[in-house]
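Colleague: A single structure is presented below for examination.
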Protein chains: 2
Amino acid sequence: MEKYKEAGLKLTPQRLAILKYLEGNKEHPSADDIYKAISKKFPTMSFATVYNTLETLRKRGQVMELNFDPFKKRFDPNPRPHHHVICVSCQKILDVQNEFSLDPPQIESEEFEIIGSHIEFYGVCSKCKGKRRN
Amino acid sequence: MEKYKEAGLKLTPQRLAILKYLEGNKEHPSADDIYKAISKKFPTMSFATVYNTLETLRKRGQVMELNFDPFKKRFDPNPRPHHHVICVSCQKILDVQNEFSLDPPQIESEEFEIIGSHIEFYGVCSKCKGKRRN
DNA sequence: CTGGCTGCAAATCTTTTGCATCCTG
DNA sequence: CAGGATGCAAAAGATTTGCAGCCAG
């Protein structure tokens with residue numbers, strides 16, 4: 001929790017609960033997931049606080065906002081940039097460990113200065129592969 | 001327009017307007033963009049029709065739904081899979097022409113069957129680079 | 001103490017839906 | 001003429017905002 005203090009953030013009980021929930025979480029929860037999980041133990045937690053906190057953390061680079069779920073934003077507490085695999089069947093999202101070196105992209109009639117990249121892999125996870133019963 | 005007929009779609013004036021708007025459009029418009037553009041010339045066009053048509057086209061693989069704009073879905077009339085560059089300053093999205101061969105992703109404790117992938121490059125377009133006045 | 005944070009409810013924005021009517025094939 | 005398509009308005013979700021009161025530093 002040290003790093004949050006260093007960043008000049010107030011450590012309220014609500015924030016601690018959110019931080020604890022995110023810590024090591026690999027499920028890429030949505031704001032709603034976070035709210036639901038925490039409000040069980042913390043009935044006064046409000047959506048506004050969840051969004052405020054996530055927005056604050058995002059600005060400080062401590063969570064990443066993931067946009068590939070068309071229904072809602074998801075949040076990733078893994079601060080270093082990385083890639084993802086998405087199960088097209090159950091929508092589960094997992095982190096990809098390796099790094100990729102990509103050729104510079106060819107763009108029609110534009111000179112882009114490339115800063116970074118993000119790869120989404122689409123696939124079927126082992127659980128869903130089993131269910132499909134080939 | 002031949003291909004739409006072949007697919008068994010009814011060619012209503014509204015659909016023709018949407019198809020014409022998308023034809024060759026590289027701007028990855030949102031449903032709202034499409035609605036706004038078309039309702040000027042076609043005042044009775046409704047959102048429902050825009051969404052219905054896009055959904056129909058998506059099912060037939062004639063448009064792609066893009067999710068990386070956190071505020072809304074965007075649509076891409078380019079039917080073959082391809083990658084994108086996004087200007088972090090003006091949010092403009094352009095197509096990337098080249099293909100990439102990616103190593104299989106390493107995933108913790110899971111065996112994914114990989115089906116496809118999509119790369120987003122982030123960068124600054126030439127227009128925005130100029131504005132920044134380095 | 002004081003500014004940042006919280007909680008509530010209302011507002012906003014995008015997308016979806018129900019249903020009566022319309023019109024293409 | 002039938003079934004798919006349209007248009008309207010209302011509903012549904014996700015996220016944001018205004019504001020009064022609260023509390024960590």
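FYI, nothing fancy with the structure tokens labels: chains A, B, ... in order, residues from 1 per chain, ligands from 1 as they appear.
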Set the cut-off to 8 Å and count only C-alpha atoms (C1' of nucleotides): what are the residues of chain B that reach chain C? Output as a PyMOL selection string.

Modeller: chain B and resi 10-12+71-72

Colleague: Mind dumping the selected residues with C-alpha atoms as an mmCIF file, in the first residue's frame?

Modeller:
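Saved as again_6.cif:
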```cif
data_model
loop_
_atom_site.group_PDB
_atom_site.id
_atom_site.type_symbol
_atom_site.label_atom_id
_atom_site.label_comp_id
_atom_site.auth_asym_id
_atom_site.auth_seq_id
_atom_site.Cartn_x
_atom_site.Cartn_y
_atom_site.Cartn_z
ATOM 1 C CA LYS B 10 -34.127 -6.415 -48.587
ATOM 2 C CA LEU B 11 -32.828 -3.261 -50.151
ATOM 3 C CA THR B 12 -34.779 -0.507 -48.483
ATOM 4 C CA PHE B 71 -17.476 5.644 -25.146
ATOM 5 C CA LYS B 72 -19.141 3.864 -27.997
#
```

Colleague: Provide as a PyMOL selection string the residues of chain D at most 12 Å from chain A, counting only C-alpha atoms (C1' of nucleotides).

Modeller: chain D and resi 13-18+22-25

Colleague: Going by DSSP on the backbone, which residues of stretch 23-70 of chain B come out as alpha helix (DSSP H)? List them as a PyMOL selection string.

Modeller: chain B and resi 31-41+47-59

Colleague: Distance limit 8 Å, atoms considered: only C-alpha atoms. Which chain A residues sit that close to chain B? Return them as a PyMOL selection string.

Modeller: chain A and resi 66-70+73+87+94-98+100+102-103+105-108+110-126

Colleague: Can you list every residue in chain A that DSSP puts in strand (DSSP E), as JSON, numbers by chain?

Modeller: {"A": [64, 65, 66, 74, 75, 76, 83, 84, 85, 86, 87, 93, 94, 95, 96, 113, 114, 115, 116, 117, 118, 119, 120, 121, 122, 123, 124]}

Colleague: Between atom CA of B:Glu27 and atom CA of B:Thr49, what distance in Å does the model show, to one decimal?

Modeller: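 These two atoms are separated by 20.5 Å.
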